[in-house]
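> I'm passing along start-v4.txt; it holds compact mmCIF, N, CA and C atoms.
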# COMPACT_ATOMS: atom_id res chain seq x y z
N MET A 177 -12.41 -1.15 5.96
CA MET A 177 -11.11 -0.72 6.40
C MET A 177 -10.42 -0.03 5.23
N PHE A 178 -9.70 1.04 5.52
CA PHE A 178 -9.00 1.78 4.49
C PHE A 178 -7.50 1.60 4.64
N PHE A 179 -6.81 1.62 3.49
CA PHE A 179 -5.37 1.42 3.45
C PHE A 179 -4.83 2.33 2.35
N LEU A 180 -3.87 3.18 2.69
CA LEU A 180 -3.26 4.06 1.70
C LEU A 180 -2.09 3.35 1.03
N MET A 181 -2.15 3.25 -0.30
CA MET A 181 -1.04 2.69 -1.07
C MET A 181 -0.63 3.76 -2.08
N ASN A 182 0.55 4.31 -1.87
CA ASN A 182 1.08 5.40 -2.67
C ASN A 182 0.11 6.58 -2.65
N ASN A 183 -0.60 6.85 -3.72
CA ASN A 183 -1.50 8.00 -3.76
C ASN A 183 -2.96 7.58 -3.89
N THR A 184 -3.28 6.37 -3.45
CA THR A 184 -4.64 5.85 -3.57
C THR A 184 -5.07 5.19 -2.27
N VAL A 185 -6.26 5.56 -1.81
CA VAL A 185 -6.83 4.90 -0.64
C VAL A 185 -7.62 3.71 -1.14
N LEU A 186 -7.25 2.54 -0.67
CA LEU A 186 -7.94 1.30 -1.04
C LEU A 186 -8.92 0.95 0.07
N GLU A 187 -10.07 0.48 -0.31
CA GLU A 187 -11.03 0.00 0.69
C GLU A 187 -10.92 -1.51 0.72
N LEU A 188 -10.53 -2.02 1.88
CA LEU A 188 -10.33 -3.46 2.03
C LEU A 188 -11.52 -4.08 2.74
N GLU A 189 -11.98 -5.15 2.21
CA GLU A 189 -13.01 -5.96 2.86
C GLU A 189 -12.33 -7.26 3.25
N PRO A 190 -11.86 -7.36 4.49
CA PRO A 190 -11.12 -8.56 4.89
C PRO A 190 -11.85 -9.87 4.60
N SER A 191 -13.16 -9.88 4.68
CA SER A 191 -13.89 -11.12 4.44
C SER A 191 -13.68 -11.63 3.01
N GLU A 192 -13.38 -10.73 2.07
CA GLU A 192 -13.13 -11.14 0.69
C GLU A 192 -11.79 -11.82 0.53
N HIS A 193 -10.82 -11.46 1.36
CA HIS A 193 -9.45 -11.95 1.19
C HIS A 193 -9.04 -13.03 2.18
N VAL A 194 -9.80 -13.23 3.23
CA VAL A 194 -9.41 -14.18 4.27
C VAL A 194 -9.12 -15.57 3.71
N PRO A 195 -10.03 -16.19 2.97
CA PRO A 195 -9.74 -17.56 2.53
C PRO A 195 -8.50 -17.68 1.66
N GLU A 196 -8.32 -16.78 0.71
CA GLU A 196 -7.20 -16.93 -0.21
C GLU A 196 -5.86 -16.52 0.40
N LEU A 197 -5.85 -15.56 1.32
CA LEU A 197 -4.59 -15.04 1.82
C LEU A 197 -4.17 -15.59 3.16
N GLN A 198 -5.03 -16.29 3.84
CA GLN A 198 -4.63 -16.87 5.10
C GLN A 198 -4.43 -18.38 5.01
N GLY A 199 -4.46 -18.90 3.79
CA GLY A 199 -4.21 -20.32 3.58
C GLY A 199 -2.74 -20.65 3.74
N HIS A 200 -2.40 -21.90 3.52
CA HIS A 200 -1.02 -22.37 3.68
C HIS A 200 -0.05 -21.60 2.81
N ARG A 201 -0.49 -21.18 1.65
CA ARG A 201 0.38 -20.53 0.69
C ARG A 201 0.98 -19.23 1.24
N PHE A 202 0.23 -18.49 2.03
CA PHE A 202 0.71 -17.19 2.50
C PHE A 202 1.01 -17.17 4.00
N ARG A 203 0.54 -18.14 4.73
CA ARG A 203 0.71 -18.14 6.18
C ARG A 203 2.18 -18.09 6.59
N GLY A 204 3.03 -18.78 5.86
CA GLY A 204 4.44 -18.86 6.22
C GLY A 204 5.27 -17.66 5.81
N LEU A 205 4.69 -16.72 5.06
CA LEU A 205 5.45 -15.56 4.62
C LEU A 205 5.74 -14.61 5.79
N SER A 206 6.94 -14.10 5.83
CA SER A 206 7.28 -13.09 6.83
C SER A 206 6.92 -11.71 6.28
N PHE A 207 6.96 -10.72 7.14
CA PHE A 207 6.70 -9.35 6.71
C PHE A 207 7.71 -8.93 5.64
N ASP A 208 8.98 -9.27 5.83
CA ASP A 208 10.01 -8.92 4.85
C ASP A 208 9.73 -9.56 3.50
N GLU A 209 9.22 -10.78 3.50
CA GLU A 209 8.89 -11.44 2.24
C GLU A 209 7.69 -10.79 1.56
N VAL A 210 6.74 -10.32 2.34
CA VAL A 210 5.58 -9.61 1.77
C VAL A 210 6.05 -8.30 1.15
N ILE A 211 6.94 -7.57 1.83
CA ILE A 211 7.49 -6.33 1.27
C ILE A 211 8.27 -6.64 0.00
N ALA A 212 9.04 -7.73 -0.02
CA ALA A 212 9.77 -8.12 -1.23
C ALA A 212 8.79 -8.39 -2.37
N LEU A 213 7.67 -9.03 -2.06
CA LEU A 213 6.64 -9.26 -3.08
C LEU A 213 6.12 -7.92 -3.61
N GLY A 214 5.87 -6.98 -2.72
CA GLY A 214 5.42 -5.65 -3.13
C GLY A 214 6.44 -4.96 -4.01
N ARG A 215 7.69 -5.07 -3.66
CA ARG A 215 8.75 -4.46 -4.47
C ARG A 215 8.81 -5.08 -5.86
N GLU A 216 8.62 -6.40 -5.94
CA GLU A 216 8.58 -7.07 -7.24
C GLU A 216 7.40 -6.57 -8.07
N LEU A 217 6.23 -6.49 -7.44
CA LEU A 217 5.04 -6.03 -8.15
C LEU A 217 5.22 -4.60 -8.66
N PHE A 218 5.75 -3.72 -7.83
CA PHE A 218 5.92 -2.32 -8.24
C PHE A 218 7.06 -2.14 -9.24
N SER A 219 8.00 -3.07 -9.28
CA SER A 219 9.02 -2.97 -10.34
C SER A 219 8.40 -3.33 -11.69
N GLN A 220 7.40 -4.21 -11.69
CA GLN A 220 6.71 -4.58 -12.94
C GLN A 220 5.62 -3.59 -13.29
N TYR A 221 4.90 -3.12 -12.28
CA TYR A 221 3.74 -2.24 -12.48
C TYR A 221 3.89 -1.03 -11.55
N PRO A 222 4.60 0.02 -12.00
CA PRO A 222 4.87 1.17 -11.13
C PRO A 222 3.62 1.86 -10.58
N ASP A 223 2.50 1.72 -11.25
CA ASP A 223 1.23 2.29 -10.79
C ASP A 223 0.26 1.18 -10.41
N LEU A 224 0.75 0.18 -9.74
CA LEU A 224 -0.03 -1.01 -9.40
C LEU A 224 -1.38 -0.67 -8.79
N GLN A 225 -1.41 0.29 -7.86
CA GLN A 225 -2.64 0.63 -7.16
C GLN A 225 -3.71 1.17 -8.12
N ILE A 226 -3.30 1.65 -9.28
CA ILE A 226 -4.23 2.18 -10.27
C ILE A 226 -4.50 1.16 -11.38
N THR A 227 -3.43 0.55 -11.89
CA THR A 227 -3.58 -0.35 -13.03
C THR A 227 -4.05 -1.75 -12.65
N HIS A 228 -3.76 -2.17 -11.43
CA HIS A 228 -4.14 -3.51 -10.96
C HIS A 228 -4.68 -3.41 -9.53
N PRO A 229 -5.83 -2.77 -9.36
CA PRO A 229 -6.33 -2.51 -8.00
C PRO A 229 -6.59 -3.76 -7.17
N GLN A 230 -7.00 -4.86 -7.80
CA GLN A 230 -7.23 -6.08 -7.02
C GLN A 230 -5.93 -6.64 -6.47
N ARG A 231 -4.88 -6.61 -7.25
CA ARG A 231 -3.57 -7.05 -6.74
C ARG A 231 -3.10 -6.14 -5.61
N ALA A 232 -3.32 -4.84 -5.80
CA ALA A 232 -2.94 -3.88 -4.77
C ALA A 232 -3.71 -4.14 -3.48
N GLN A 233 -4.98 -4.46 -3.58
CA GLN A 233 -5.78 -4.77 -2.39
C GLN A 233 -5.27 -6.01 -1.70
N ARG A 234 -4.94 -7.04 -2.46
CA ARG A 234 -4.41 -8.27 -1.86
C ARG A 234 -3.07 -8.00 -1.16
N LEU A 235 -2.22 -7.21 -1.80
CA LEU A 235 -0.94 -6.85 -1.19
C LEU A 235 -1.17 -6.06 0.10
N ALA A 236 -2.08 -5.09 0.06
CA ALA A 236 -2.39 -4.30 1.26
C ALA A 236 -2.90 -5.19 2.37
N TYR A 237 -3.76 -6.12 2.04
CA TYR A 237 -4.30 -7.02 3.06
C TYR A 237 -3.20 -7.91 3.64
N LEU A 238 -2.30 -8.40 2.79
CA LEU A 238 -1.18 -9.21 3.29
C LEU A 238 -0.32 -8.40 4.26
N ILE A 239 -0.04 -7.16 3.90
CA ILE A 239 0.74 -6.30 4.79
C ILE A 239 0.00 -6.13 6.11
N PHE A 240 -1.29 -5.87 6.03
CA PHE A 240 -2.09 -5.64 7.23
C PHE A 240 -2.13 -6.88 8.13
N ILE A 241 -2.27 -8.08 7.56
CA ILE A 241 -2.35 -9.27 8.43
C ILE A 241 -0.99 -9.61 9.03
N LYS A 242 0.09 -9.19 8.38
CA LYS A 242 1.42 -9.44 8.95
C LYS A 242 1.73 -8.44 10.06
N VAL A 243 1.34 -7.17 9.87
CA VAL A 243 1.57 -6.12 10.87
C VAL A 243 0.31 -5.26 10.91
N PRO A 244 -0.63 -5.61 11.79
CA PRO A 244 -1.92 -4.91 11.81
C PRO A 244 -1.85 -3.41 12.07
N GLY A 245 -0.76 -2.91 12.58
CA GLY A 245 -0.64 -1.48 12.83
C GLY A 245 -0.37 -0.66 11.59
N ILE A 246 -0.01 -1.29 10.49
CA ILE A 246 0.30 -0.56 9.27
C ILE A 246 -0.98 -0.36 8.45
N ASN A 247 -1.23 0.90 8.07
CA ASN A 247 -2.37 1.17 7.20
C ASN A 247 -1.99 2.09 6.04
N ALA A 248 -0.68 2.27 5.82
CA ALA A 248 -0.21 3.07 4.70
C ALA A 248 1.17 2.57 4.27
N VAL A 249 1.35 2.49 2.96
CA VAL A 249 2.64 2.06 2.42
C VAL A 249 2.89 2.84 1.13
N GLN A 250 4.17 3.12 0.91
CA GLN A 250 4.57 3.80 -0.31
C GLN A 250 5.70 3.00 -0.94
N PHE A 251 5.47 2.55 -2.17
CA PHE A 251 6.50 1.87 -2.96
C PHE A 251 6.93 2.85 -4.05
N THR A 252 8.23 3.10 -4.16
CA THR A 252 8.71 4.07 -5.14
C THR A 252 9.82 3.46 -6.00
N PRO A 253 9.47 3.05 -7.22
CA PRO A 253 10.50 2.55 -8.14
C PRO A 253 11.47 3.67 -8.50
N LEU A 254 12.74 3.36 -8.54
CA LEU A 254 13.77 4.34 -8.88
C LEU A 254 13.55 4.88 -10.29
N ARG A 255 13.15 4.00 -11.19
CA ARG A 255 12.85 4.37 -12.58
C ARG A 255 12.00 3.25 -13.18
N ARG A 256 11.35 3.55 -14.28
CA ARG A 256 10.55 2.52 -14.96
C ARG A 256 11.45 1.37 -15.39
N GLY A 257 10.98 0.16 -15.19
CA GLY A 257 11.74 -1.02 -15.60
C GLY A 257 12.86 -1.41 -14.66
N CYS A 258 12.95 -0.79 -13.50
CA CYS A 258 14.02 -1.14 -12.56
C CYS A 258 13.72 -2.49 -11.91
N GLY A 259 14.71 -3.06 -11.30
CA GLY A 259 14.53 -4.32 -10.60
C GLY A 259 13.93 -4.10 -9.22
N PRO A 260 13.46 -5.16 -8.58
CA PRO A 260 12.85 -5.05 -7.24
C PRO A 260 13.76 -4.39 -6.21
N ALA A 261 15.05 -4.60 -6.32
CA ALA A 261 15.98 -4.01 -5.35
C ALA A 261 16.02 -2.49 -5.44
N ASP A 262 15.57 -1.95 -6.57
CA ASP A 262 15.57 -0.50 -6.78
C ASP A 262 14.21 0.13 -6.49
N VAL A 263 13.34 -0.60 -5.82
CA VAL A 263 12.05 -0.06 -5.42
C VAL A 263 12.13 0.24 -3.92
N GLY A 264 12.06 1.51 -3.59
CA GLY A 264 12.07 1.90 -2.19
C GLY A 264 10.69 1.73 -1.58
N PHE A 265 10.64 1.69 -0.27
CA PHE A 265 9.34 1.57 0.40
C PHE A 265 9.40 2.23 1.76
N ARG A 266 8.24 2.70 2.18
CA ARG A 266 8.03 3.25 3.52
C ARG A 266 6.65 2.80 3.96
N TYR A 267 6.46 2.74 5.25
CA TYR A 267 5.14 2.40 5.77
C TYR A 267 4.92 3.13 7.08
N CYS A 268 3.65 3.25 7.45
CA CYS A 268 3.33 3.92 8.71
C CYS A 268 1.90 3.57 9.11
N ASN A 269 1.53 4.08 10.26
CA ASN A 269 0.16 3.96 10.76
C ASN A 269 -0.41 5.37 10.80
N LEU A 270 -1.39 5.61 9.96
CA LEU A 270 -2.02 6.92 9.91
C LEU A 270 -3.14 7.01 10.94
N ALA A 271 -3.23 8.16 11.56
CA ALA A 271 -4.32 8.41 12.50
C ALA A 271 -5.65 8.39 11.74
N PHE A 272 -6.70 8.07 12.46
CA PHE A 272 -8.03 8.00 11.86
C PHE A 272 -8.39 9.29 11.14
N GLU A 273 -8.08 10.43 11.75
CA GLU A 273 -8.43 11.73 11.16
C GLU A 273 -7.72 11.94 9.83
N VAL A 274 -6.45 11.55 9.74
CA VAL A 274 -5.69 11.71 8.50
C VAL A 274 -6.28 10.81 7.42
N MET A 275 -6.59 9.56 7.77
CA MET A 275 -7.17 8.64 6.79
C MET A 275 -8.53 9.15 6.32
N ALA A 276 -9.34 9.67 7.24
CA ALA A 276 -10.65 10.22 6.87
C ALA A 276 -10.49 11.39 5.92
N ASN A 277 -9.49 12.22 6.16
CA ASN A 277 -9.20 13.35 5.27
C ASN A 277 -8.82 12.85 3.88
N LEU A 278 -8.00 11.82 3.82
CA LEU A 278 -7.58 11.25 2.53
C LEU A 278 -8.77 10.65 1.78
N VAL A 279 -9.62 9.93 2.49
CA VAL A 279 -10.80 9.32 1.86
C VAL A 279 -11.72 10.41 1.31
N ALA A 280 -11.96 11.45 2.09
CA ALA A 280 -12.83 12.54 1.64
C ALA A 280 -12.23 13.24 0.42
N ARG A 281 -10.94 13.47 0.46
CA ARG A 281 -10.28 14.13 -0.67
C ARG A 281 -10.34 13.26 -1.92
N GLN A 282 -10.13 11.94 -1.76
CA GLN A 282 -10.18 11.04 -2.92
C GLN A 282 -11.58 11.02 -3.53
N LYS A 283 -12.60 11.05 -2.70
CA LYS A 283 -13.98 11.05 -3.20
C LYS A 283 -14.35 12.40 -3.81
N GLY A 284 -13.68 13.46 -3.40
CA GLY A 284 -13.97 14.80 -3.90
C GLY A 284 -13.07 15.16 -5.07
N ASP A 285 -12.06 15.96 -4.79
CA ASP A 285 -11.14 16.44 -5.83
C ASP A 285 -10.19 15.38 -6.34
N GLY A 286 -10.02 14.31 -5.59
CA GLY A 286 -9.06 13.27 -5.95
C GLY A 286 -7.72 13.51 -5.27
N LEU A 287 -6.98 12.46 -5.12
CA LEU A 287 -5.66 12.53 -4.50
C LEU A 287 -4.60 12.63 -5.59
N ASP A 288 -3.56 13.35 -5.32
CA ASP A 288 -2.41 13.33 -6.22
C ASP A 288 -1.17 13.09 -5.36
N SER A 289 -0.13 12.65 -6.02
CA SER A 289 1.08 12.25 -5.29
C SER A 289 1.68 13.39 -4.48
N THR A 290 1.66 14.59 -5.01
CA THR A 290 2.24 15.74 -4.30
C THR A 290 1.46 16.02 -3.02
N TRP A 291 0.14 16.02 -3.13
CA TRP A 291 -0.69 16.31 -1.96
C TRP A 291 -0.50 15.24 -0.89
N VAL A 292 -0.52 13.97 -1.31
CA VAL A 292 -0.34 12.86 -0.35
C VAL A 292 1.05 12.92 0.27
N ASP A 293 2.06 13.21 -0.54
CA ASP A 293 3.42 13.30 0.01
C ASP A 293 3.50 14.40 1.05
N ARG A 294 2.89 15.52 0.77
CA ARG A 294 2.92 16.64 1.71
C ARG A 294 2.18 16.28 3.00
N LEU A 295 1.03 15.63 2.88
CA LEU A 295 0.22 15.31 4.06
C LEU A 295 0.78 14.13 4.86
N VAL A 296 1.22 13.10 4.17
CA VAL A 296 1.62 11.86 4.85
C VAL A 296 3.13 11.69 4.92
N TRP A 297 3.75 11.50 3.80
CA TRP A 297 5.16 11.09 3.78
C TRP A 297 6.09 12.25 4.11
N GLY A 298 5.74 13.45 3.74
CA GLY A 298 6.57 14.61 4.08
C GLY A 298 6.68 14.80 5.57
N ARG A 299 5.59 14.49 6.28
CA ARG A 299 5.61 14.58 7.74
C ARG A 299 6.64 13.65 8.35
N LEU A 300 6.78 12.48 7.74
CA LEU A 300 7.70 11.49 8.30
C LEU A 300 9.15 11.91 8.14
N ALA A 301 9.42 12.70 7.12
CA ALA A 301 10.80 13.12 6.87
C ALA A 301 11.22 14.27 7.78
N ALA A 302 10.25 14.97 8.34
CA ALA A 302 10.57 16.14 9.16
C ALA A 302 11.10 15.75 10.52
Show how you would write the structure in this file as structure tokens.

Amino acid sequence: MFFLMNNTVLELEPSEHVPELQGHRFRGLSFDEVIALGRELFSQYPDLQITHPQRAQRLAYLIFIKVPGINAVQFTPLRRGCGPADVGFRYCNLAFEVMANLVARQKGDGLDSTWVDRLVWGRLAA
């Protein structure tokens, strides 16, 4: 399964995360609490999906198990060192074709924030 986090497509293997993320510790979390966790992580690590890919994968999987229709999220810190409240976020469900395009591009030329914003997030603003 693929999940877009900011400018990186993560490949999630649910079987790797099921035991640790569906236990008592995370079962009671609401979607809003998972997003708050993401905002905290991105306030500490603005490039989490690149610098801490395993944490990013766990966060993506938590988002997915709370709302299975979501397969893309963008966390945008206002500035480096900002607090969690200053980290914006958006999420959506990308069509299979769009996700396949992103995966192919990442494996080829690579993804960059401008290209992803134009393809994914820019569409949402229109």
> My list of candidates is A:Phe218, A:Phe240, A:Trp291, A:Phe272. Which is closest to Leu254 in chain A when distances are computed with only N, CA and C atoms?
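Looking at the shortest contact to Leu254 in chain A, the residue is A:Phe218.
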> So which one's closest to Leu186 in chain A, A:Val292, A:Ala212, A:Ala232, A:Val243? Using only N, CA and C atoms, please.
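Closest to Leu186 in chain A of all the choices is A:Ala232.
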> Restricting the calculation to only C-alpha atoms: of A:Val249, A:Ala276, A:Leu205, A:Leu180, which residue gets closest to Gly264 in chain A?
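Among A:Val249, A:Ala276, A:Leu205, A:Leu180, it is A:Val249 that comes nearest to Gly264 in chain A.
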> For the atom pair CA of Arg215 in chain A and CA of Pro253 in chain A, what is the interatomic distance in Å to one decimal place?
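These two atoms are separated by 8.1 Å.
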> I need the residue nearest Gly245 in chain A from this list: A:Gln282, A:Arg294, A:Cys268, A:Leu188. Use only C-alpha atoms for the distance.
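Selected residue with least distance to Gly245 in chain A: A:Cys268.
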> If you measure from atom N of Leu295 in chain A to atom N of Gly259 in chain A, what distance in Å do you get, rounded to one decimal?
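Taking atom N of Leu295 in chain A and atom N of Gly259 in chain A, their separation equals 27.2 Å.
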